[in-house]
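In what follows, a single structure is set out as structure tokens and then discussed.
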Amino acid sequence: MSLDVQIETLRTDLSAAIATAETEQAVEAVRIAALGKKGSVSALLASLGTMPPEARRTAGPAINGLKNEIAAEIEKRAEELRARALEARLIAERVDVTLPVRPAPTAEGRIHPVSQVWDEITAIFSDMGFRIAEGPDIETDYLNFTALNFPEGHPAREMHDTFFMAPGPDGVKKVLRTHTSPVQIRVMQKSKQKPAAPYLTEAMAPPIRVIMPGRTYRHDSDQTHTPMFHQVEGLVIDKSSHIGQLRWVLEEFLKAFFEVESVVTRFRPSFFPFTEPSMEVDVQCDRSGSEIRIGEGADWLEILGCGMVHPNVLRNCGLDPDVYQGFAWGMGIDRLAMLKYGMPDLRAFFDADKRWLDHYGFKPLDLPTLFGGLSS
Amino acid sequence: MKFTLDWLKDHLETKASADEISTALTMIGLEVESVEDQGKALRDFVVAHVVSAEKHPNADKLRVCKVDAGTGELIDVVCGAPNARSGMKGVFAFPGTWIPGSDFTLTKGNIRGQASNGMLCSGRELQLSDDHTGIIELPGDAPVGVPYINYAGIDGVVFDVSITPNRGDAAGVLGIARDLAAFGTGVLKDASVAPVASPGGPSPIPVDLRFGPDEPQACRMFAGRLIRGVKNGPSPDWLQARLRAVGLRPINALVDITNFVSLDRARPLHVFDADKLQGTVHARMGRAGESLLALDGKTYAIDETICVIADDRAALGIAGIIGGEETGCTGETVNVFIECAWFEPNYVATAGRKLGIVSDARYRFERTVDPESVIPGIELAAKLVTEFCGGTVYEPAIAGQVEGAGTIIDFPLGEVRRLTGLRVPRDQAIGALTRLGFAVEGAGDVVQVRAPSWRTDVTQKADLTEEVMRMVGVDKVPVEPLPRLAGVIPRMLTPIQNRRRIARRTLAARGLDEAVTWSFIPEAEAKRFGGGKPELKLANPIAAELTDMRPSLLPGLLGAARRNANRGFADLALFEVGQVFLSAEPDGQRTHASGIRSGTASLDGAGRHWQGGATKVGVFDAKADLSALLDAVGLDIDKVQLIAEPASWSHPGRGGRIQLGPKTIIGWFGELHPALCAEFDLDGPIAAFEVDLDAVPEPRRKPTKAKPALNLSDLMPLSRDFAFVVDRDVPAATILKAARGAEKALITGVDLFDVFEGSHVGEGKKSVAIAVTLQPREKTLTDEEIERISAGIVGAVEKATGGVLRT
């Protein structure tokens, strides 16, 4: 058989083998059979060495041409097969992307409205330069009442529906604080002592600007009263603060808290033993719908109590009422939450019903800030 | 405090409407709870004449009446009242009228064959009285066809105002009128009472104050006045109508007079049937063992802290609170003894609270009754008694004396501006005070002010400031921004406060819902969690299961878990951050953060899922929550002591404690003890943790906020795995610690990636596999060096655990 015929036969056979190889392994087998050390094309190449030079001059390029051609065909076929295999794998790997994923934990957990509103209030007063002060829930009768100018036997004491603790070893009954106002005394009274516990706030010298949030207790229970609730009080003491500024602070707060352009307030004279003059504040609202809307309408809603700190209270803290003056106010955190977010029943706040928490609670990353908005 | 518009107009000359008066009351601090137009519901009822009343042909107890209601024709009405008769006058309702006492709208009817086109009404049907024995009978001169409310004078608007505890004077219509007049809503009428002549001469019944030298003088002035030969009976219609309008039931003229004076003048009185008294009527402190049957039908035990009115025989009434049943006035009373006294507010308040009696008298006495109202009060009462019941008046018998005139207050007029920011002209300020009854003297900037006897609450400058502001109007106070304090505002939250906030957000981000539960829990639960101290019990709990201040947040959360489970939510992740109480002292209150997971509520999410899951929660869920929480508040759980000693509430083999030292315990985690699950009626397991946030040390203050320099190596870290067979009870922490310590300079991490037990590792043994990461520092490690370090790790672990390298 002439060399030409031999090359042509080999080309035909190998091309056919390559074209019919259906796997990458089959292509590799053809490659080894043709181009491997002992392959048919390699054998032909090796035969060049035994040829006379003239014959080699024509045979050399022909055999090398065959080798390159076959190598290219093999590579092309292998590439085709790889692409086909990938295609098949991708088809095999197809999944149903509509399958539900597990919700992230952050999507499940909720912050209680009391904590959220607490943070909202904190954010607003932080911007007005206030700090937070705290006191204990179990208070002495002196700090809860006497120092706050509640005379012994005064009906105002009775209005507080006080929880008393069992008498201590000394026979004295402590009380569960009926309001956060004893913290006012703790803040104002002159004391160089370090606070007894880490959460307690150190006494301060004027100028004082604090808010005092915390748990409070009254012996009372119905739809809008629970034996435990949350209050926040504010206290400003310096040498010039007056009711005009109190009005400004509260109106600014109410606007910021309810996130409305304007609120109309009505300050009414009232009575609290620890302030003089004392006032209650109503806010104008619309009650015609199913929820109360602050900042519109023509109804009034009582929202907080306030006044100028009573001179007797200042005296009880060692401050001269002819030199120092200031104002205080108090409001219910739970109540503010109910008004803003529309919960109808206070009792549900403390029931830890998962359905209620999921409905009225807040996402953990919904941080109330003034730069990002109090609520989303 | 309720009163009607026409009652107010007894004392106030005004053209103001009910709405205007309501607004004015609110703006001067007499908060209006409600304004009710009582006549509205009755305006369709008219006075009618029963022209004839014949027996119903088909019913014995019914009558067929022909009624003239002023329409010009006679109306047929079937009436069942026994007193329905020809010629009488009554109150008539046309068909279509709503009957308030029966809550239905009248229609034309046919009763046993007789047409009935209206109704003659009883007192109860009009909600004017409880009387339903017959229809209302009106006097013969009542004008037919006139609306009944006009005739009866009950077209009244009724105000209900809430009186603050300092305003005893406003617990009377006169006091309210005075405030309104001072505010400019009308002119106050003269309400002074002329002395009533005493033809009877000196009082045959003496009075006295009998308080020992060691006893409090709970009564300072006591006056009594005898009127003989009275004819007691129903009081006049106008008085009955007024009393009903404000919610009181008319009893008889004598009793109604005391109620009237009390409401009109904030001056409580009492009337005794003089024939039931013996000897001297006096005030004294009660005696142990005494008791009194009061007018409310209840018997009260008296003691030495309670002031009583007594005669020579027994206690007759509780001073300032309630009278006694036995000596009270009845329809048969002929001789009446009027008591008018002044009691110390504190003693009335204390006694009232102790006995649990709420009365109109107590309400006024504890708010302070005008001390100078004793004589005017008894004069007014005597005047009304003689007017309504006749009789012979005797001179008042008086013991003691009380003065109401307050001390003189130096009042710089500038105080108003200083405290309120409001500029009030001198004349306006003085005018307001004067109209309220204050005596103002002085021409300078500081005036001398004496409060009237009925304003004992006004004692200092700030009180006067309030009076002026009240009368000028709080709404006139100009709003003024509060100036910022100089300098940069310091951070608002202390580290402790911030920590609570972070704890909440961290736990919520791990899928737990925040609960807020009661600070008080049942005694049994408190004891179970280490509480129940006597000093932490409430003396007056609101409910039998809310008795003890909580020593832990877990009982509240477990109770919440049970409630949720009962509603069908057994997979629950809850936490609370709040206060617990270890003693009644301020330092006994600590801030804890606590959480529970029940059912399958693990961090991966509760319930079955196609990717797997629905595994029951366990101790490591609790440990993971605790660990994340501590990390968030700045404590690395790997750098504190973890002791395998569980809390008392924990499964004994599945719980641990985190501490900085034996005295600084940070927290606990574990699975709830199965017995405790049963006590709380919960299906276990429940994973729980509790952290004392206050025990986590505050991070040390650093001189600079700059972070330490970041030192990155160019050399690749490498990892080597080791498996050890150790005794089953060897803590994994021991292995990790030993491995970490083997070559501190190079070992940057030790991770435990496999633990198993089984027969092939030996009875009582376990296999623990760890991966140790080595970070070469200056040059690549040679094989020999790696060999040496590996041998060191194996040696250290074997030495620490008594185990062997698994080969």
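Chains: A, B, ... in order of the structure tokens. Residues: from 1 per chain. Ligands: from 1, in order shown.
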
Report the residues of range 419-604 of chain B whose backbone DSSP state falls under strand (DSSP E or B), written as a PDB file with N, CA and C atoms, in the first residue's frame.
ATOM      1  N   ALA B 439     -57.450  88.513 100.086  1.00  0.00           N
ATOM      2  CA  ALA B 439     -57.274  89.896 100.489  1.00  0.00           C
ATOM      3  C   ALA B 439     -55.867  90.315 100.096  1.00  0.00           C
ATOM      4  N   VAL B 440     -55.756  91.337  99.258  1.00  0.00           N
ATOM      5  CA  VAL B 440     -54.453  91.756  98.750  1.00  0.00           C
ATOM      6  C   VAL B 440     -54.175  93.170  99.248  1.00  0.00           C
ATOM      7  N   GLU B 441     -52.994  93.360  99.829  1.00  0.00           N
ATOM      8  CA  GLU B 441     -52.614  94.677 100.313  1.00  0.00           C
ATOM      9  C   GLU B 441     -51.195  94.998  99.878  1.00  0.00           C
ATOM     10  N   VAL B 446     -43.986  93.782  95.836  1.00  0.00           N
ATOM     11  CA  VAL B 446     -44.350  92.630  96.649  1.00  0.00           C
ATOM     12  C   VAL B 446     -45.627  92.985  97.403  1.00  0.00           C
ATOM     13  N   VAL B 447     -46.686  92.233  97.176  1.00  0.00           N
ATOM     14  CA  VAL B 447     -47.936  92.514  97.880  1.00  0.00           C
ATOM     15  C   VAL B 447     -48.156  91.459  98.954  1.00  0.00           C
ATOM     16  N   GLN B 448     -49.003  91.831  99.926  1.00  0.00           N
ATOM     17  CA  GLN B 448     -49.303  90.894 101.008  1.00  0.00           C
ATOM     18  C   GLN B 448     -50.686  90.298 100.736  1.00  0.00           C
ATOM     19  N   VAL B 449     -50.724  88.981 100.712  1.00  0.00           N
ATOM     20  CA  VAL B 449     -51.954  88.303 100.328  1.00  0.00           C
ATOM     21  C   VAL B 449     -52.380  87.389 101.466  1.00  0.00           C
ATOM     22  N   ARG B 450     -53.686  87.506 101.809  1.00  0.00           N
ATOM     23  CA  ARG B 450     -54.236  86.570 102.794  1.00  0.00           C
ATOM     24  C   ARG B 450     -55.296  85.720 102.103  1.00  0.00           C
ATOM     25  N   ASP B 513     -39.200  36.404  70.540  1.00  0.00           N
ATOM     26  CA  ASP B 513     -40.137  37.511  70.733  1.00  0.00           C
ATOM     27  C   ASP B 513     -39.939  38.087  72.125  1.00  0.00           C
ATOM     28  N   GLU B 514     -39.995  39.403  72.205  1.00  0.00           N
ATOM     29  CA  GLU B 514     -39.838  40.025  73.528  1.00  0.00           C
ATOM     30  C   GLU B 514     -41.162  40.036  74.291  1.00  0.00           C
ATOM     31  N   PHE B 520     -44.597  40.735  89.616  1.00  0.00           N
ATOM     32  CA  PHE B 520     -44.976  39.881  90.744  1.00  0.00           C
ATOM     33  C   PHE B 520     -45.487  38.545  90.238  1.00  0.00           C
ATOM     34  N   ILE B 521     -45.152  37.487  90.951  1.00  0.00           N
ATOM     35  CA  ILE B 521     -45.470  36.124  90.519  1.00  0.00           C
ATOM     36  C   ILE B 521     -46.011  35.350  91.724  1.00  0.00           C
ATOM     37  N   LYS B 537     -42.579  40.108  99.645  1.00  0.00           N
ATOM     38  CA  LYS B 537     -43.994  39.802  99.467  1.00  0.00           C
ATOM     39  C   LYS B 537     -44.791  41.095  99.484  1.00  0.00           C
ATOM     40  N   LEU B 538     -45.875  41.112  98.726  1.00  0.00           N
ATOM     41  CA  LEU B 538     -46.760  42.259  98.759  1.00  0.00           C
ATOM     42  C   LEU B 538     -47.711  42.108  99.933  1.00  0.00           C
ATOM     43  N   ASP B 548     -45.558  37.766  95.016  1.00  0.00           N
ATOM     44  CA  ASP B 548     -44.138  37.904  95.360  1.00  0.00           C
ATOM     45  C   ASP B 548     -43.386  38.591  94.227  1.00  0.00           C
ATOM     46  N   MET B 549     -42.448  39.461  94.611  1.00  0.00           N
ATOM     47  CA  MET B 549     -41.609  40.083  93.596  1.00  0.00           C
ATOM     48  C   MET B 549     -40.710  38.995  92.996  1.00  0.00           C
ATOM     49  N   LEU B 572     -42.176  27.967  70.658  1.00  0.00           N
ATOM     50  CA  LEU B 572     -42.171  29.335  71.128  1.00  0.00           C
ATOM     51  C   LEU B 572     -40.750  29.747  71.497  1.00  0.00           C
ATOM     52  N   ALA B 573     -40.379  30.939  71.067  1.00  0.00           N
ATOM     53  CA  ALA B 573     -39.098  31.499  71.503  1.00  0.00           C
ATOM     54  C   ALA B 573     -39.399  32.874  72.088  1.00  0.00           C
ATOM     55  N   LEU B 574     -39.180  33.029  73.383  1.00  0.00           N
ATOM     56  CA  LEU B 574     -39.542  34.261  74.086  1.00  0.00           C
ATOM     57  C   LEU B 574     -38.358  34.736  74.913  1.00  0.00           C
ATOM     58  N   PHE B 575     -38.265  36.037  75.071  1.00  0.00           N
ATOM     59  CA  PHE B 575     -37.278  36.540  76.025  1.00  0.00           C
ATOM     60  C   PHE B 575     -37.846  37.752  76.746  1.00  0.00           C
ATOM     61  N   GLU B 576     -37.220  38.075  77.843  1.00  0.00           N
ATOM     62  CA  GLU B 576     -37.552  39.321  78.544  1.00  0.00           C
ATOM     63  C   GLU B 576     -36.268  39.921  79.070  1.00  0.00           C
ATOM     64  N   VAL B 577     -36.178  41.226  79.026  1.00  0.00           N
ATOM     65  CA  VAL B 577     -35.086  41.939  79.676  1.00  0.00           C
ATOM     66  C   VAL B 577     -35.745  42.839  80.713  1.00  0.00           C
ATOM     67  N   GLY B 578     -35.453  42.592  81.957  1.00  0.00           N
ATOM     68  CA  GLY B 578     -36.143  43.376  82.976  1.00  0.00           C
ATOM     69  C   GLY B 578     -35.584  43.134  84.355  1.00  0.00           C
ATOM     70  N   GLN B 579     -36.261  43.740  85.335  1.00  0.00           N
ATOM     71  CA  GLN B 579     -35.740  43.737  86.686  1.00  0.00           C
ATOM     72  C   GLN B 579     -36.184  42.493  87.455  1.00  0.00           C
ATOM     73  N   VAL B 580     -35.276  42.000  88.308  1.00  0.00           N
ATOM     74  CA  VAL B 580     -35.622  40.959  89.274  1.00  0.00           C
ATOM     75  C   VAL B 580     -35.226  41.488  90.643  1.00  0.00           C
ATOM     76  N   PHE B 581     -35.745  40.819  91.671  1.00  0.00           N
ATOM     77  CA  PHE B 581     -35.603  41.373  93.011  1.00  0.00           C
ATOM     78  C   PHE B 581     -35.024  40.331  93.954  1.00  0.00           C
ATOM     79  N   GLN B 589     -32.201  44.990  93.478  1.00  0.00           N
ATOM     80  CA  GLN B 589     -32.849  44.941  92.168  1.00  0.00           C
ATOM     81  C   GLN B 589     -31.768  44.801  91.107  1.00  0.00           C
ATOM     82  N   ARG B 590     -31.900  43.771  90.284  1.00  0.00           N
ATOM     83  CA  ARG B 590     -30.904  43.528  89.236  1.00  0.00           C
ATOM     84  C   ARG B 590     -31.613  43.481  87.885  1.00  0.00           C
ATOM     85  N   THR B 591     -30.843  43.741  86.849  1.00  0.00           N
ATOM     86  CA  THR B 591     -31.409  43.658  85.514  1.00  0.00           C
ATOM     87  C   THR B 591     -31.001  42.331  84.886  1.00  0.00           C
ATOM     88  N   HIS B 592     -31.963  41.517  84.588  1.00  0.00           N
ATOM     89  CA  HIS B 592     -31.677  40.233  83.957  1.00  0.00           C
ATOM     90  C   HIS B 592     -32.156  40.222  82.510  1.00  0.00           C
ATOM     91  N   ALA B 593     -31.544  39.318  81.741  1.00  0.00           N
ATOM     92  CA  ALA B 593     -32.051  39.009  80.404  1.00  0.00           C
ATOM     93  C   ALA B 593     -32.221  37.511  80.383  1.00  0.00           C
ATOM     94  N   SER B 594     -33.372  37.085  79.936  1.00  0.00           N
ATOM     95  CA  SER B 594     -33.659  35.669  80.023  1.00  0.00           C
ATOM     96  C   SER B 594     -34.455  35.252  78.803  1.00  0.00           C
ATOM     97  N   GLY B 595     -34.269  34.001  78.393  1.00  0.00           N
ATOM     98  CA  GLY B 595     -35.019  33.542  77.224  1.00  0.00           C
ATOM     99  C   GLY B 595     -35.341  32.071  77.322  1.00  0.00           C
ATOM    100  N   ILE B 596     -36.393  31.683  76.644  1.00  0.00           N
ATOM    101  CA  ILE B 596     -36.731  30.261  76.560  1.00  0.00           C
ATOM    102  C   ILE B 596     -37.062  29.910  75.115  1.00  0.00           C
ATOM    103  N   ARG B 597     -36.777  28.643  74.791  1.00  0.00           N
ATOM    104  CA  ARG B 597     -37.233  28.105  73.506  1.00  0.00           C
ATOM    105  C   ARG B 597     -37.935  26.798  73.813  1.00  0.00           C
ATOM    106  N   SER B 598     -39.099  26.610  73.222  1.00  0.00           N
ATOM    107  CA  SER B 598     -39.811  25.367  73.481  1.00  0.00           C
ATOM    108  C   SER B 598     -40.147  24.689  72.171  1.00  0.00           C
TER     109      SER B 598
END

| task | Tell me, as a ChimeraX atom specification, which residues lie within 9 Å of range 100-102 of chain A, counting only C-alpha atoms; anything in the same chain fewer than 6 positions away does not count. | result | /B:604-605,609-611

| task | Tell me which protein, DNA and RNA residues are within 12 Å of Ala218 in chain B, counting only C-alpha atoms, leaving out same-chain ones fewer than 2 positions away, and put them as a PyMOL selection string. | result | chain B and resi 209-212+214-216+220-222+283-286+304-309+318-320+341-351+365-366+400+402

Take the residues just selected and output them with N, CA and C atoms as a JSON list (two decimals), in the first residue's frame.
[["chain", "number", "residue", "atom", "x", "y", "z"],
["B", 209, "LEU", "N", -66.38, 68.97, 123.29],
["B", 209, "LEU", "CA", -65.25, 68.28, 122.64],
["B", 209, "LEU", "C", -64.53, 67.53, 123.75],
["B", 210, "ARG", "N", -64.41, 66.23, 123.64],
["B", 210, "ARG", "CA", -63.78, 65.47, 124.72],
["B", 210, "ARG", "C", -62.57, 64.70, 124.18],
["B", 211, "PHE", "N", -61.44, 65.39, 124.19],
["B", 211, "PHE", "CA", -60.21, 64.76, 123.75],
["B", 211, "PHE", "C", -59.20, 64.85, 124.88],
["B", 212, "GLY", "N", -58.62, 63.73, 125.22],
["B", 212, "GLY", "CA", -57.63, 63.70, 126.27],
["B", 212, "GLY", "C", -56.38, 64.44, 125.84],
["B", 214, "ASP", "N", -53.44, 63.40, 125.54],
["B", 214, "ASP", "CA", -52.57, 62.61, 124.65],
["B", 214, "ASP", "C", -53.27, 62.25, 123.35],
["B", 215, "GLU", "N", -54.49, 62.67, 123.23],
["B", 215, "GLU", "CA", -55.23, 62.28, 122.03],
["B", 215, "GLU", "C", -55.16, 63.39, 120.98],
["B", 216, "PRO", "N", -55.23, 63.01, 119.72],
["B", 216, "PRO", "CA", -55.30, 64.05, 118.69],
["B", 216, "PRO", "C", -56.65, 64.75, 118.78],
["B", 220, "ARG", "N", -62.25, 70.08, 115.89],
["B", 220, "ARG", "CA", -61.81, 71.33, 116.51],
["B", 220, "ARG", "C", -63.00, 72.21, 116.90],
["B", 221, "MET", "N", -64.12, 72.01, 116.22],
["B", 221, "MET", "CA", -65.29, 72.84, 116.55],
["B", 221, "MET", "C", -66.53, 72.00, 116.32],
["B", 222, "PHE", "N", -67.44, 72.09, 117.28],
["B", 222, "PHE", "CA", -68.65, 71.29, 117.18],
["B", 222, "PHE", "C", -69.84, 72.16, 117.54],
["B", 283, "ALA", "N", -67.85, 65.20, 120.54],
["B", 283, "ALA", "CA", -66.89, 64.51, 119.68],
["B", 283, "ALA", "C", -65.79, 63.94, 120.56],
["B", 284, "ARG", "N", -65.38, 62.72, 120.28],
["B", 284, "ARG", "CA", -64.28, 62.09, 121.01],
["B", 284, "ARG", "C", -63.63, 61.04, 120.12],
["B", 285, "MET", "N", -62.50, 60.51, 120.56],
["B", 285, "MET", "CA", -61.89, 59.40, 119.81],
["B", 285, "MET", "C", -62.65, 58.13, 120.20],
["B", 286, "GLY", "N", -62.66, 57.19, 119.28],
["B", 286, "GLY", "CA", -63.37, 55.94, 119.52],
["B", 286, "GLY", "C", -62.70, 55.12, 120.61],
["B", 304, "GLU", "N", -59.43, 53.40, 118.54],
["B", 304, "GLU", "CA", -58.95, 54.66, 119.12],
["B", 304, "GLU", "C", -58.46, 55.64, 118.07],
["B", 305, "THR", "N", -58.30, 55.19, 116.81],
["B", 305, "THR", "CA", -57.82, 56.11, 115.78],
["B", 305, "THR", "C", -58.97, 56.81, 115.06],
["B", 306, "ILE", "N", -60.20, 56.41, 115.41],
["B", 306, "ILE", "CA", -61.35, 56.92, 114.67],
["B", 306, "ILE", "C", -62.14, 57.88, 115.55],
["B", 307, "CYS", "N", -62.38, 59.07, 115.03],
["B", 307, "CYS", "CA", -63.14, 60.07, 115.79],
["B", 307, "CYS", "C", -64.64, 59.80, 115.61],
["B", 308, "VAL", "N", -65.37, 59.88, 116.71],
["B", 308, "VAL", "CA", -66.81, 59.63, 116.64],
["B", 308, "VAL", "C", -67.58, 60.80, 117.26],
["B", 309, "ILE", "N", -68.86, 60.87, 116.92],
["B", 309, "ILE", "CA", -69.80, 61.73, 117.62],
["B", 309, "ILE", "C", -70.56, 60.80, 118.58],
["B", 318, "ILE", "N", -69.79, 58.23, 112.85],
["B", 318, "ILE", "CA", -68.35, 58.31, 112.60],
["B", 318, "ILE", "C", -68.07, 59.70, 112.05],
["B", 319, "ALA", "N", -67.23, 60.43, 112.77],
["B", 319, "ALA", "CA", -67.05, 61.85, 112.50],
["B", 319, "ALA", "C", -66.68, 62.11, 111.05],
["B", 320, "GLY", "N", -67.50, 62.93, 110.40],
["B", 320, "GLY", "CA", -67.17, 63.39, 109.05],
["B", 320, "GLY", "C", -67.37, 62.35, 107.99],
["B", 341, "ALA", "N", -69.93, 70.51, 112.27],
["B", 341, "ALA", "CA", -68.65, 70.46, 112.97],
["B", 341, "ALA", "C", -67.50, 70.61, 111.99],
["B", 342, "TRP", "N", -66.31, 70.80, 112.54],
["B", 342, "TRP", "CA", -65.12, 70.85, 111.69],
["B", 342, "TRP", "C", -64.13, 69.78, 112.14],
["B", 343, "PHE", "N", -63.87, 68.84, 111.25],
["B", 343, "PHE", "CA", -62.98, 67.72, 111.57],
["B", 343, "PHE", "C", -61.66, 67.89, 110.83],
["B", 344, "GLU", "N", -60.60, 67.43, 111.45],
["B", 344, "GLU", "CA", -59.28, 67.46, 110.81],
["B", 344, "GLU", "C", -59.29, 66.52, 109.62],
["B", 345, "PRO", "N", -58.91, 67.02, 108.45],
["B", 345, "PRO", "CA", -59.00, 66.21, 107.23],
["B", 345, "PRO", "C", -58.28, 64.85, 107.36],
["B", 346, "ASN", "N", -57.08, 64.86, 107.99],
["B", 346, "ASN", "CA", -56.30, 63.62, 108.07],
["B", 346, "ASN", "C", -57.04, 62.50, 108.77],
["B", 347, "TYR", "N", -57.75, 62.88, 109.86],
["B", 347, "TYR", "CA", -58.42, 61.82, 110.63],
["B", 347, "TYR", "C", -59.61, 61.27, 109.89],
["B", 348, "VAL", "N", -60.28, 62.16, 109.17],
["B", 348, "VAL", "CA", -61.40, 61.69, 108.35],
["B", 348, "VAL", "C", -60.88, 60.76, 107.25],
["B", 349, "ALA", "N", -59.79, 61.19, 106.61],
["B", 349, "ALA", "CA", -59.24, 60.39, 105.52],
["B", 349, "ALA", "C", -58.78, 59.03, 106.02],
["B", 350, "THR", "N", -58.07, 59.03, 107.13],
["B", 350, "THR", "CA", -57.53, 57.78, 107.66],
["B", 350, "THR", "C", -58.65, 56.83, 108.07],
["B", 351, "ALA", "N", -59.65, 57.41, 108.79],
["B", 351, "ALA", "CA", -60.74, 56.56, 109.24],
["B", 351, "ALA", "C", -61.55, 56.04, 108.05],
["B", 365, "PHE", "N", -64.82, 66.45, 103.75],
["B", 365, "PHE", "CA", -63.97, 66.70, 104.92],
["B", 365, "PHE", "C", -62.50, 66.39, 104.64],
["B", 366, "GLU", "N", -62.24, 65.32, 103.85],
["B", 366, "GLU", "CA", -60.82, 65.03, 103.64],
["B", 366, "GLU", "C", -60.19, 66.00, 102.66],
["B", 400, "GLY", "N", -65.63, 74.65, 121.18],
["B", 400, "GLY", "CA", -64.39, 74.81, 120.42],
["B", 400, "GLY", "C", -64.48, 75.94, 119.42],
["B", 402, "VAL", "N", -62.54, 77.25, 115.45],
["B", 402, "VAL", "CA", -61.52, 77.03, 114.44],
["B", 402, "VAL", "C", -61.50, 78.25, 113.54]]

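Our summary of the geometry notes that CA of Thr26 in chain B is positioned 15.3 Å from CA of Leu304 in chain A.
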
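Minimum distance to chain A across B:Glu671, B:Glu332, B:Glu785, B:Asp457 (counting only C-alpha atoms) occurs at B:Asp457.
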
| said: List as a ChimeraX atom specification the protein and nucleic acid residues near range 181-194 of chain A, meaning an atom at most 6 Å away when only C-alpha atoms are counted, but skip any in the same chain fewer than 6 places from it. | reply: /A:135,143-144,203-204,317

Keeping only N, CA and C atoms, take the residues you just selected and write them out as an mmCIF file, in the first residue's frame.
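Once written, out-v7.cif looks like this:
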data_model
loop_
_atom_site.group_PDB
_atom_site.id
_atom_site.type_symbol
_atom_site.label_atom_id
_atom_site.label_comp_id
_atom_site.auth_asym_id
_atom_site.auth_seq_id
_atom_site.Cartn_x
_atom_site.Cartn_y
_atom_site.Cartn_z
ATOM 1 N N GLY A 135 -34.420 54.651 88.961
ATOM 2 C CA GLY A 135 -34.464 54.316 90.375
ATOM 3 C C GLY A 135 -35.096 52.946 90.550
ATOM 4 N N LEU A 143 -39.643 58.521 99.725
ATOM 5 C CA LEU A 143 -39.304 58.977 98.382
ATOM 6 C C LEU A 143 -40.516 58.945 97.448
ATOM 7 N N ASN A 144 -41.412 57.990 97.675
ATOM 8 C CA ASN A 144 -42.570 57.898 96.783
ATOM 9 C C ASN A 144 -43.607 58.966 97.100
ATOM 10 N N ALA A 203 -26.798 61.338 91.795
ATOM 11 C CA ALA A 203 -27.406 62.648 91.988
ATOM 12 C C ALA A 203 -26.687 63.666 91.115
ATOM 13 N N MET A 204 -27.432 64.671 90.662
ATOM 14 C CA MET A 204 -26.845 65.668 89.763
ATOM 15 C C MET A 204 -27.046 67.055 90.355
ATOM 16 N N CYS A 317 -35.033 68.630 98.632
ATOM 17 C CA CYS A 317 -33.801 68.170 97.988
ATOM 18 C C CYS A 317 -32.641 69.119 98.258
#

| task | Fewer than 3 positions away in the same chain doesn't count, so skip those; otherwise give me all residues within 9 Å of Phe272 in chain A, counting only C-alpha atoms, as a VMD selection string. | result | (chain A and resid 150 156 275 to 279 305 to 307) or (chain B and resid 164 to 166)

| request: Determine, counting only C-alpha atoms, which protein, DNA and RNA residues have an atom within 10 Å of an atom of Pro674 in chain B; residues of the same chain fewer than 4 positions away are not included. Present the result as a ChimeraX atom specification. | output: /B:649-652,678-680,682-686

| task | Name all residues at most 9 Å from range 348-355 of chain A (count only C-alpha atoms; drop same-chain ones fewer than 6 positions away) and give them as JSON, numbers by chain. | result | {"A": [112, 113, 114, 226, 228, 334], "B": [513, 514, 515, 516, 517, 518, 557, 560, 561, 563, 564, 567, 569, 572, 574]}

| request: Would you return as an MDAnalysis selection string the members of range 155-247 of chain A that DSSP assigns to helix (DSSP H, G or I) on this structure's backbone? | output: chainID A and resid 155:158 182:188 243:247

Once you have the residues from the selection above, write them out as a compact mmCIF listing (two decimals), in the first residue's frame, restricted to C-alpha atoms.
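Generated file (result02.txt):
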# COMPACT_ATOMS: atom_id res chain seq x y z
CA PRO A 155 -56.49 62.16 99.58
CA ALA A 156 -53.86 62.44 96.86
CA ARG A 157 -52.07 59.52 98.47
CA GLU A 158 -55.17 57.44 98.30
CA PRO A 182 -39.22 59.34 93.32
CA VAL A 183 -36.42 59.29 90.76
CA GLN A 184 -36.75 63.10 90.66
CA ILE A 185 -35.77 63.17 94.31
CA ARG A 186 -32.94 60.71 93.76
CA VAL A 187 -31.62 62.93 90.99
CA MET A 188 -32.02 66.27 92.78
CA ILE A 243 -44.10 76.98 81.88
CA GLY A 244 -43.68 78.62 78.47
CA GLN A 245 -40.65 76.39 77.92
CA LEU A 246 -42.46 73.39 79.35
CA ARG A 247 -45.13 73.93 76.71
